[in-house]
file target_39.cif (mmCIF, C-alpha atoms)
data_start
loop_
_atom_site.label_atom_id
_atom_site.label_comp_id
_atom_site.auth_asym_id
_atom_site.auth_seq_id
_atom_site.Cartn_x
_atom_site.Cartn_y
_atom_site.Cartn_z
CA MET G 10 -68.05 135.60 104.16
CA ASN G 11 -71.58 134.60 105.17
CA PRO G 12 -74.28 135.35 102.63
CA HIS G 13 -77.05 137.79 103.52
CA PRO G 14 -80.03 135.90 105.02
CA PHE G 15 -82.26 137.17 102.19
CA ILE G 16 -79.84 135.72 99.63
CA ILE G 17 -80.27 132.32 101.26
CA ILE G 18 -84.07 132.67 101.17
CA ILE G 19 -84.10 133.88 97.56
CA THR G 20 -81.71 131.12 96.51
CA GLY G 21 -83.95 128.55 98.16
CA LEU G 22 -87.07 129.93 96.47
CA LEU G 23 -85.42 129.91 93.07
CA ILE G 24 -84.11 126.38 93.56
CA LEU G 25 -87.63 125.24 94.48
CA LEU G 26 -89.06 127.05 91.46
CA TRP G 27 -86.61 125.52 88.99
CA ALA G 28 -86.86 122.06 90.58
CA TYR G 29 -90.64 122.16 90.35
CA ALA G 30 -90.58 123.52 86.79
CA SER G 31 -87.99 121.07 85.48
CA PHE G 32 -89.31 117.94 87.14
CA SER G 33 -92.92 118.64 86.18
CA LYS G 34 -91.72 118.83 82.56
CA ILE G 35 -89.53 115.73 82.82
CA PHE G 36 -92.12 113.56 84.56
CA ASP G 37 -94.77 114.43 81.98
CA MET G 38 -92.46 114.88 78.96
CA HIS G 39 -95.07 113.74 76.44
CA LYS G 40 -97.60 116.34 77.58
CA PHE G 41 -94.90 119.02 77.75
CA GLN G 42 -93.67 118.23 74.23
CA HIS G 43 -97.24 118.25 72.89
CA ALA G 44 -97.85 121.64 74.52
CA LEU G 45 -94.67 123.03 72.96
CA MET G 46 -95.80 121.89 69.52
CA THR G 47 -98.86 124.17 69.83
CA GLN G 48 -96.95 127.31 70.76
CA VAL G 49 -96.75 130.48 68.70
CA PHE G 50 -93.20 129.70 67.58
CA PRO G 51 -92.20 127.17 64.87
CA ARG G 52 -92.46 123.46 65.68
CA TRP G 53 -88.71 122.94 65.32
CA VAL G 54 -88.18 125.43 68.15
CA GLY G 55 -90.62 123.44 70.29
CA LYS G 56 -88.70 120.22 69.60
CA ILE G 57 -85.48 121.84 70.79
CA LEU G 58 -87.09 123.47 73.83
CA THR G 59 -88.54 120.11 74.93
CA TYR G 60 -85.04 119.16 76.07
CA VAL G 61 -83.31 122.52 76.49
CA LEU G 62 -85.77 124.03 78.98
CA PRO G 63 -85.69 121.25 81.61
CA LEU G 64 -81.91 120.91 81.25
CA THR G 65 -81.49 124.67 81.61
CA GLU G 66 -83.67 124.70 84.71
CA ILE G 67 -81.62 121.87 86.25
CA ALA G 68 -78.42 123.73 85.36
CA LEU G 69 -79.80 126.78 87.18
CA ILE G 70 -80.34 124.66 90.29
CA VAL G 71 -76.71 123.57 90.19
CA LEU G 72 -75.49 127.14 89.65
CA LEU G 73 -77.57 128.38 92.57
CA LEU G 74 -76.40 125.59 94.88
CA ILE G 75 -72.69 126.30 94.42
CA PRO G 76 -71.64 129.50 96.24
CA GLN G 77 -69.00 130.34 93.60
CA THR G 78 -71.57 130.23 90.77
CA ARG G 79 -74.58 131.55 92.67
CA LEU G 80 -74.38 135.05 91.14
CA ILE G 81 -74.38 133.55 87.63
CA GLY G 82 -77.38 131.47 88.71
CA MET G 83 -79.14 134.60 89.96
CA TYR G 84 -78.50 136.48 86.72
CA SER G 85 -79.56 133.46 84.68
CA SER G 86 -82.72 133.06 86.79
CA LEU G 87 -83.50 136.74 86.28
CA PHE G 88 -83.01 136.38 82.52
CA LEU G 89 -85.11 133.22 82.19
CA MET G 90 -87.89 134.58 84.41
CA GLY G 91 -87.82 137.78 82.35
CA VAL G 92 -88.24 135.79 79.14
CA PHE G 93 -91.07 133.71 80.64
CA THR G 94 -92.76 136.86 81.97
CA LEU G 95 -92.58 138.58 78.57
CA TYR G 96 -94.03 135.47 76.92
CA VAL G 97 -96.93 135.24 79.38
CA GLY G 98 -97.40 139.00 79.12
CA GLY G 99 -97.83 138.54 75.38
CA ALA G 100 -100.75 136.24 76.09
CA VAL G 101 -102.25 138.59 78.69
CA PHE G 102 -102.08 141.55 76.31
CA GLN G 103 -103.33 139.42 73.39
CA ILE G 104 -100.27 139.73 71.19
CA TYR G 105 -100.61 136.12 70.01
CA GLU G 106 -103.39 134.62 67.89
CA ARG G 107 -103.75 131.70 70.30
CA HIS G 108 -102.94 131.24 73.97
CA PRO G 109 -101.30 127.89 74.55
CA CYS G 110 -99.23 127.30 77.65
CA ALA G 111 -96.49 124.72 78.01
CA CYS G 112 -96.26 125.37 81.71
CA GLY G 113 -96.49 122.48 84.09
CA GLY G 114 -98.37 121.78 87.28
CA LEU G 115 -99.83 124.74 89.13
CA PHE G 116 -98.82 127.27 86.50
CA ALA G 117 -100.91 125.56 83.83
CA ARG G 118 -104.02 125.82 86.03
CA MET G 119 -103.78 129.36 87.31
CA GLY G 120 -104.87 131.35 84.25
CA TRP G 121 -102.97 133.97 82.31
CA TYR G 122 -103.45 136.98 84.63
CA LYS G 123 -102.45 135.13 87.81
CA HIS G 124 -99.59 133.47 85.94
CA PHE G 125 -98.39 136.89 84.78
CA LYS G 126 -98.55 138.31 88.31
CA VAL G 127 -96.68 135.34 89.78
CA ASN G 128 -94.04 135.62 87.05
CA ILE G 129 -93.57 139.32 87.77
CA ILE G 130 -93.11 138.55 91.48
CA LEU G 131 -90.62 135.76 90.74
CA THR G 132 -88.72 138.01 88.35
CA LEU G 133 -88.53 140.70 91.03
CA ILE G 134 -87.31 138.11 93.55
CA ALA G 135 -84.53 137.09 91.15
CA LEU G 136 -83.69 140.78 90.62
CA ALA G 137 -83.51 141.27 94.39
CA GLY G 138 -81.11 138.32 94.58
CA VAL G 139 -78.87 139.87 91.94
CA ILE G 140 -78.90 143.25 93.67
CA LEU G 141 -78.16 141.79 97.10
CA MET G 142 -75.29 139.72 95.76
CA GLU G 143 -73.79 142.56 93.71
CA TYR G 144 -73.94 145.25 96.40
#

call {"tool": "encode", "arguments": {"input": "target_39.cif", "output": "structure tokens"}}
result
Amino acid sequence: MNPHPFIIIITGLLILLWAYASFSKIFDMHKFQHALMTQVFPRWVGKILTYVLPLTEIALIVLLLIPQTRLIGMYSSLFLMGVFTLYVGGAVFQIYERHPCACGGLFARMGWYKHFKVNIILTLIALAGVILMEY
């Protein structure tokens, strides 16, 4: 069975997203770890996330690349993008006392409102992937 052309496009976009996100963290691990230590959650969580986030993003790439695990990768991408979107939304709606961002590359430079909008779009793209693969 050939996948829907939109599934191929969505899969490619998500793979690019997770590759960019993970490698920007890995290649500047010191900066990423420092940023995590200034987040609104406890420092011990930041220490764990320093390694868990890039590894999770790489695992998502693998899941999305393999046709038999692609649906799990789509659901996992939707979940992780949802979590990231809620976190950025907390900054946009001033839920936190401070507004640090451990995002890498372009995301760190775009500002909270643009970051929130991009995250919503990426979350919707992942949702579309799940829907197309399920139905």

call {"tool": "closest_residue", "arguments": {"input": "target_39.cif", "among": "G:Pro63, G:Gly82, G:Pro51, G:Gly120", "to": "Ile19 of chain G", "atoms": "only C-alpha atoms"}}
result
G:Gly82

call {"tool": "closest_residue", "arguments": {"input": "target_39.cif", "among": "G:Ile81, G:Val101, G:Leu95, G:Leu62", "to": "Gly138 of chain G", "atoms": "all atoms listed in the file"}}
result
G:Ile81

call {"tool": "closest_residue", "arguments": {"input": "target_39.cif", "among": "G:Met142, G:Ala135, G:Val97, G:Ile67", "to": "Ala28 of chain G", "atoms": "all atoms listed in the file"}}
result
G:Ile67

call {"tool": "residues_near_point", "arguments": {"input": "target_39.cif", "point": "(-85.2, 127.1, 88.8)", "cutoff": "8 Å", "atoms": "all atoms listed in the file", "output": "ChimeraX atom specification"}}
result
/G:23-31,66-67,69-70,86

call {"tool": "residues_near_point", "arguments": {"input": "target_39.cif", "point": "(-79.1, 127.5, 100.4)", "cutoff": "12 Å", "atoms": "only C-alpha atoms", "output": "ChimeraX atom specification"}}
result
/G:11-25,70-76,79

call {"tool": "closest_residue", "arguments": {"input": "target_39.cif", "among": "G:Val54, G:Ile104, G:Ile129, G:Ala137", "to": "Leu80 of chain G", "atoms": "only C-alpha atoms"}}
result
G:Ala137

call {"tool": "resolve_selection", "arguments": {"input": "target_39.cif", "expression": "the PyMOL selection byres ((chain G and resi 56) around 12)", "output": "VMD selection string"}}
result
chain G and resid 38 to 39 41 to 48 50 to 55 57 to 62

call {"tool": "write_last_selection", "arguments": {"input": "target_39.cif", "atoms": "C-alpha atoms", "output": "PDB file, keeping the file's coordinate frame"}}
result
ATOM      1  CA  MET G  38     -92.460 114.880  78.960  1.00  0.00           C
ATOM      2  CA  HIS G  39     -95.070 113.740  76.440  1.00  0.00           C
ATOM      3  CA  PHE G  41     -94.900 119.020  77.750  1.00  0.00           C
ATOM      4  CA  GLN G  42     -93.670 118.230  74.230  1.00  0.00           C
ATOM      5  CA  HIS G  43     -97.240 118.250  72.890  1.00  0.00           C
ATOM      6  CA  ALA G  44     -97.850 121.640  74.520  1.00  0.00           C
ATOM      7  CA  LEU G  45     -94.670 123.030  72.960  1.00  0.00           C
ATOM      8  CA  MET G  46     -95.800 121.890  69.520  1.00  0.00           C
ATOM      9  CA  THR G  47     -98.860 124.170  69.830  1.00  0.00           C
ATOM     10  CA  GLN G  48     -96.950 127.310  70.760  1.00  0.00           C
ATOM     11  CA  PHE G  50     -93.200 129.700  67.580  1.00  0.00           C
ATOM     12  CA  PRO G  51     -92.200 127.170  64.870  1.00  0.00           C
ATOM     13  CA  ARG G  52     -92.460 123.460  65.680  1.00  0.00           C
ATOM     14  CA  TRP G  53     -88.710 122.940  65.320  1.00  0.00           C
ATOM     15  CA  VAL G  54     -88.180 125.430  68.150  1.00  0.00           C
ATOM     16  CA  GLY G  55     -90.620 123.440  70.290  1.00  0.00           C
ATOM     17  CA  ILE G  57     -85.480 121.840  70.790  1.00  0.00           C
ATOM     18  CA  LEU G  58     -87.090 123.470  73.830  1.00  0.00           C
ATOM     19  CA  THR G  59     -88.540 120.110  74.930  1.00  0.00           C
ATOM     20  CA  TYR G  60     -85.040 119.160  76.070  1.00  0.00           C
ATOM     21  CA  VAL G  61     -83.310 122.520  76.490  1.00  0.00           C
ATOM     22  CA  LEU G  62     -85.770 124.030  78.980  1.00  0.00           C
TER      23      LEU G  62
END

call {"tool": "closest_residue", "arguments": {"input": "target_39.cif", "among": "G:Met83, G:Ser33, G:Phe102, G:Asn128", "to": "Glu143 of chain G", "atoms": "all atoms listed in the file"}}
result
G:Met83

call {"tool": "closest_residue", "arguments": {"input": "target_39.cif", "among": "G:Met119, G:Leu64, G:Leu89, G:Ile35", "to": "Leu131 of chain G", "atoms": "only C-alpha atoms"}}
result
G:Leu89

call {"tool": "residues_around", "arguments": {"input": "target_39.cif", "residues": "Lys126 of chain G", "least_positions_apart": "6", "cutoff": "10 Å", "atoms": "all atoms listed in the file", "output": "mmCIF file with C-alpha atoms, keeping the file's coordinate frame"}}
result
data_model
loop_
_atom_site.group_PDB
_atom_site.id
_atom_site.type_symbol
_atom_site.label_atom_id
_atom_site.label_comp_id
_atom_site.auth_asym_id
_atom_site.auth_seq_id
_atom_site.Cartn_x
_atom_site.Cartn_y
_atom_site.Cartn_z
ATOM 1 C CA THR G 94 -92.760 136.860 81.970
ATOM 2 C CA VAL G 97 -96.930 135.240 79.380
ATOM 3 C CA GLY G 98 -97.400 139.000 79.120
ATOM 4 C CA THR G 132 -88.720 138.010 88.350
#

call {"tool": "axis_aligned_box", "arguments": {"input": "target_39.cif", "around": "segment 36-55 of chain G", "padding_each_side": "4 Å", "output": "AutoDock Vina command-line options"}}
result
--center_x -93.5 --center_y 122.0 --center_z 74.7 --size_x 18.7 --size_y 24.9 --size_z 27.7

call {"tool": "atom_distance", "arguments": {"input": "target_39.cif", "atom1": "atom CA of Met90 of chain G", "atom2": "atom CA of Ile130 of chain G"}}
result
9.6 Å

call {"tool": "atom_distance", "arguments": {"input": "target_39.cif", "atom1": "atom CA of Thr65 of chain G", "atom2": "atom CA of Phe125 of chain G"}}
result
21.1 Å

call {"tool": "atom_distance", "arguments": {"input": "target_39.cif", "atom1": "atom CA of Lys40 of chain G", "atom2": "atom CA of Ser85 of chain G"}}
result
25.9 Å

call {"tool": "decode", "arguments": {"input": "target_39.cif", "residues": "segment 12-143 of chain G", "atoms": "C-alpha atoms", "output": "PDB file, in the first residue's frame"}}
result
ATOM      1  CA  PRO G  12       1.161   6.118   1.552  1.00  0.00           C
ATOM      2  CA  HIS G  13      -0.918   9.202   0.820  1.00  0.00           C
ATOM      3  CA  PRO G  14       1.277  11.921  -0.758  1.00  0.00           C
ATOM      4  CA  PHE G  15       0.466  14.264   2.143  1.00  0.00           C
ATOM      5  CA  ILE G  16       1.706  11.635   4.614  1.00  0.00           C
ATOM      6  CA  ILE G  17       5.047  11.626   2.808  1.00  0.00           C
ATOM      7  CA  ILE G  18       5.216  15.435   2.941  1.00  0.00           C
ATOM      8  CA  ILE G  19       4.203  15.581   6.612  1.00  0.00           C
ATOM      9  CA  THR G  20       6.667  12.827   7.496  1.00  0.00           C
ATOM     10  CA  GLY G  21       9.433  14.724   5.727  1.00  0.00           C
ATOM     11  CA  LEU G  22       8.568  17.976   7.502  1.00  0.00           C
ATOM     12  CA  LEU G  23       8.546  16.291  10.894  1.00  0.00           C
ATOM     13  CA  ILE G  24      11.835  14.523  10.204  1.00  0.00           C
ATOM     14  CA  LEU G  25      13.395  17.866   9.248  1.00  0.00           C
ATOM     15  CA  LEU G  26      11.950  19.491  12.370  1.00  0.00           C
ATOM     16  CA  TRP G  27      13.262  16.819  14.737  1.00  0.00           C
ATOM     17  CA  ALA G  28      16.636  16.628  12.970  1.00  0.00           C
ATOM     18  CA  TYR G  29      17.063  20.385  13.228  1.00  0.00           C
ATOM     19  CA  ALA G  30      15.889  20.459  16.851  1.00  0.00           C
ATOM     20  CA  SER G  31      18.033  17.547  18.016  1.00  0.00           C
ATOM     21  CA  PHE G  32      21.226  18.452  16.200  1.00  0.00           C
ATOM     22  CA  SER G  33      21.064  22.115  17.225  1.00  0.00           C
ATOM     23  CA  LYS G  34      20.909  20.893  20.839  1.00  0.00           C
ATOM     24  CA  ILE G  35      23.666  18.313  20.395  1.00  0.00           C
ATOM     25  CA  PHE G  36      26.074  20.619  18.562  1.00  0.00           C
ATOM     26  CA  ASP G  37      25.699  23.317  21.206  1.00  0.00           C
ATOM     27  CA  MET G  38      25.096  21.055  24.223  1.00  0.00           C
ATOM     28  CA  HIS G  39      26.709  23.449  26.698  1.00  0.00           C
ATOM     29  CA  LYS G  40      24.414  26.317  25.715  1.00  0.00           C
ATOM     30  CA  PHE G  41      21.392  24.009  25.672  1.00  0.00           C
ATOM     31  CA  GLN G  42      22.194  22.638  29.135  1.00  0.00           C
ATOM     32  CA  HIS G  43      22.725  26.150  30.494  1.00  0.00           C
ATOM     33  CA  ALA G  44      19.366  27.233  29.060  1.00  0.00           C
ATOM     34  CA  LEU G  45      17.641  24.252  30.663  1.00  0.00           C
ATOM     35  CA  MET G  46      19.106  25.170  34.049  1.00  0.00           C
ATOM     36  CA  THR G  47      17.241  28.516  33.883  1.00  0.00           C
ATOM     37  CA  GLN G  48      13.826  27.056  33.105  1.00  0.00           C
ATOM     38  CA  VAL G  49      10.774  27.256  35.336  1.00  0.00           C
ATOM     39  CA  PHE G  50      11.122  23.615  36.384  1.00  0.00           C
ATOM     40  CA  PRO G  51      13.632  22.242  38.950  1.00  0.00           C
ATOM     41  CA  ARG G  52      17.303  22.015  37.941  1.00  0.00           C
ATOM     42  CA  TRP G  53      17.328  18.221  38.252  1.00  0.00           C
ATOM     43  CA  VAL G  54      14.648  18.077  35.550  1.00  0.00           C
ATOM     44  CA  GLY G  55      16.834  20.253  33.330  1.00  0.00           C
ATOM     45  CA  LYS G  56      19.797  17.908  33.827  1.00  0.00           C
ATOM     46  CA  ILE G  57      17.700  14.951  32.709  1.00  0.00           C
ATOM     47  CA  LEU G  58      16.144  16.815  29.765  1.00  0.00           C
ATOM     48  CA  THR G  59      19.607  17.807  28.501  1.00  0.00           C
ATOM     49  CA  TYR G  60      20.020  14.234  27.290  1.00  0.00           C
ATOM     50  CA  VAL G  61      16.439  12.978  27.040  1.00  0.00           C
ATOM     51  CA  LEU G  62      15.145  15.654  24.649  1.00  0.00           C
ATOM     52  CA  PRO G  63      17.742  15.233  21.871  1.00  0.00           C
ATOM     53  CA  LEU G  64      17.597  11.441  22.187  1.00  0.00           C
ATOM     54  CA  THR G  65      13.801  11.536  22.027  1.00  0.00           C
ATOM     55  CA  GLU G  66      13.901  13.743  18.943  1.00  0.00           C
ATOM     56  CA  ILE G  67      16.345  11.351  17.248  1.00  0.00           C
ATOM     57  CA  ALA G  68      14.116   8.415  18.214  1.00  0.00           C
ATOM     58  CA  LEU G  69      11.191  10.223  16.560  1.00  0.00           C
ATOM     59  CA  ILE G  70      13.203  10.514  13.355  1.00  0.00           C
ATOM     60  CA  VAL G  71      13.795   6.763  13.366  1.00  0.00           C
ATOM     61  CA  LEU G  72      10.125   6.029  14.093  1.00  0.00           C
ATOM     62  CA  LEU G  73       9.033   8.300  11.255  1.00  0.00           C
ATOM     63  CA  LEU G  74      11.516   6.799   8.789  1.00  0.00           C
ATOM     64  CA  ILE G  75      10.332   3.211   9.259  1.00  0.00           C
ATOM     65  CA  PRO G  76       6.928   2.627   7.609  1.00  0.00           C
ATOM     66  CA  GLN G  77       5.879   0.081  10.269  1.00  0.00           C
ATOM     67  CA  THR G  78       6.483   2.579  13.110  1.00  0.00           C
ATOM     68  CA  ARG G  79       5.485   5.767  11.303  1.00  0.00           C
ATOM     69  CA  LEU G  80       2.073   6.010  13.012  1.00  0.00           C
ATOM     70  CA  ILE G  81       3.739   5.762  16.437  1.00  0.00           C
ATOM     71  CA  GLY G  82       6.142   8.471  15.269  1.00  0.00           C
ATOM     72  CA  MET G  83       3.220  10.657  14.206  1.00  0.00           C
ATOM     73  CA  TYR G  84       1.438  10.226  17.530  1.00  0.00           C
ATOM     74  CA  SER G  85       4.678  10.847  19.413  1.00  0.00           C
ATOM     75  CA  SER G  86       5.392  13.945  17.313  1.00  0.00           C
ATOM     76  CA  LEU G  87       1.883  15.210  18.023  1.00  0.00           C
ATOM     77  CA  PHE G  88       2.364  14.620  21.752  1.00  0.00           C
ATOM     78  CA  LEU G  89       5.794  16.279  21.926  1.00  0.00           C
ATOM     79  CA  MET G  90       4.711  19.242  19.805  1.00  0.00           C
ATOM     80  CA  GLY G  91       1.634  19.576  22.025  1.00  0.00           C
ATOM     81  CA  VAL G  92       3.830  19.681  25.127  1.00  0.00           C
ATOM     82  CA  PHE G  93       6.191  22.224  23.544  1.00  0.00           C
ATOM     83  CA  THR G  94       3.230  24.337  22.394  1.00  0.00           C
ATOM     84  CA  LEU G  95       1.688  24.347  25.876  1.00  0.00           C
ATOM     85  CA  TYR G  96       5.041  25.346  27.376  1.00  0.00           C
ATOM     86  CA  VAL G  97       5.536  28.213  24.918  1.00  0.00           C
ATOM     87  CA  GLY G  98       1.884  29.183  25.384  1.00  0.00           C
ATOM     88  CA  GLY G  99       2.593  29.497  29.103  1.00  0.00           C
ATOM     89  CA  ALA G 100       5.231  32.093  28.289  1.00  0.00           C
ATOM     90  CA  VAL G 101       2.969  33.932  25.831  1.00  0.00           C
ATOM     91  CA  PHE G 102       0.148  34.128  28.363  1.00  0.00           C
ATOM     92  CA  GLN G 103       2.575  35.041  31.169  1.00  0.00           C
ATOM     93  CA  ILE G 104       1.966  32.011  33.361  1.00  0.00           C
ATOM     94  CA  TYR G 105       5.643  31.856  34.351  1.00  0.00           C
ATOM     95  CA  GLU G 106       7.609  34.376  36.404  1.00  0.00           C
ATOM     96  CA  ARG G 107      10.423  34.376  33.848  1.00  0.00           C
ATOM     97  CA  HIS G 108      10.582  33.565  30.152  1.00  0.00           C
ATOM     98  CA  PRO G 109      13.646  31.498  29.386  1.00  0.00           C
ATOM     99  CA  CYS G 110      13.792  29.409  26.245  1.00  0.00           C
ATOM    100  CA  ALA G 111      15.959  26.354  25.731  1.00  0.00           C
ATOM    101  CA  CYS G 112      15.088  26.260  22.067  1.00  0.00           C
ATOM    102  CA  GLY G 113      17.855  26.135  19.532  1.00  0.00           C
ATOM    103  CA  GLY G 114      18.636  27.953  16.323  1.00  0.00           C
ATOM    104  CA  LEU G 115      15.808  29.818  14.645  1.00  0.00           C
ATOM    105  CA  PHE G 116      13.303  29.121  17.400  1.00  0.00           C
ATOM    106  CA  ALA G 117      15.421  30.928  19.987  1.00  0.00           C
ATOM    107  CA  ARG G 118      15.464  34.067  17.827  1.00  0.00           C
ATOM    108  CA  MET G 119      11.859  34.330  16.734  1.00  0.00           C
ATOM    109  CA  GLY G 120      10.202  35.629  19.907  1.00  0.00           C
ATOM    110  CA  TRP G 121       7.450  34.070  21.968  1.00  0.00           C
ATOM    111  CA  TYR G 122       4.421  34.985  19.815  1.00  0.00           C
ATOM    112  CA  LYS G 123       5.947  33.792  16.540  1.00  0.00           C
ATOM    113  CA  HIS G 124       7.302  30.706  18.292  1.00  0.00           C
ATOM    114  CA  PHE G 125       3.819  29.960  19.631  1.00  0.00           C
ATOM    115  CA  LYS G 126       2.246  30.359  16.180  1.00  0.00           C
ATOM    116  CA  VAL G 127       4.864  28.133  14.543  1.00  0.00           C
ATOM    117  CA  ASN G 128       4.374  25.507  17.259  1.00  0.00           C
ATOM    118  CA  ILE G 129       0.610  25.548  16.735  1.00  0.00           C
ATOM    119  CA  ILE G 130       1.113  25.042  12.993  1.00  0.00           C
ATOM    120  CA  LEU G 131       3.584  22.198  13.560  1.00  0.00           C
ATOM    121  CA  THR G 132       1.217  20.584  16.061  1.00  0.00           C
ATOM    122  CA  LEU G 133      -1.607  20.787  13.520  1.00  0.00           C
ATOM    123  CA  ILE G 134       0.660  19.273  10.859  1.00  0.00           C
ATOM    124  CA  ALA G 135       1.419  16.342  13.181  1.00  0.00           C
ATOM    125  CA  LEU G 136      -2.315  16.003  13.904  1.00  0.00           C
ATOM    126  CA  ALA G 137      -3.025  15.938  10.162  1.00  0.00           C
ATOM    127  CA  GLY G 138      -0.440  13.165   9.805  1.00  0.00           C
ATOM    128  CA  VAL G 139      -2.131  11.114  12.502  1.00  0.00           C
ATOM    129  CA  ILE G 140      -5.565  11.632  10.961  1.00  0.00           C
ATOM    130  CA  LEU G 141      -4.397  10.750   7.447  1.00  0.00           C
ATOM    131  CA  MET G 142      -2.660   7.608   8.661  1.00  0.00           C
ATOM    132  CA  GLU G 143      -5.567   6.475  10.848  1.00  0.00           C
TER     133      GLU G 143
END
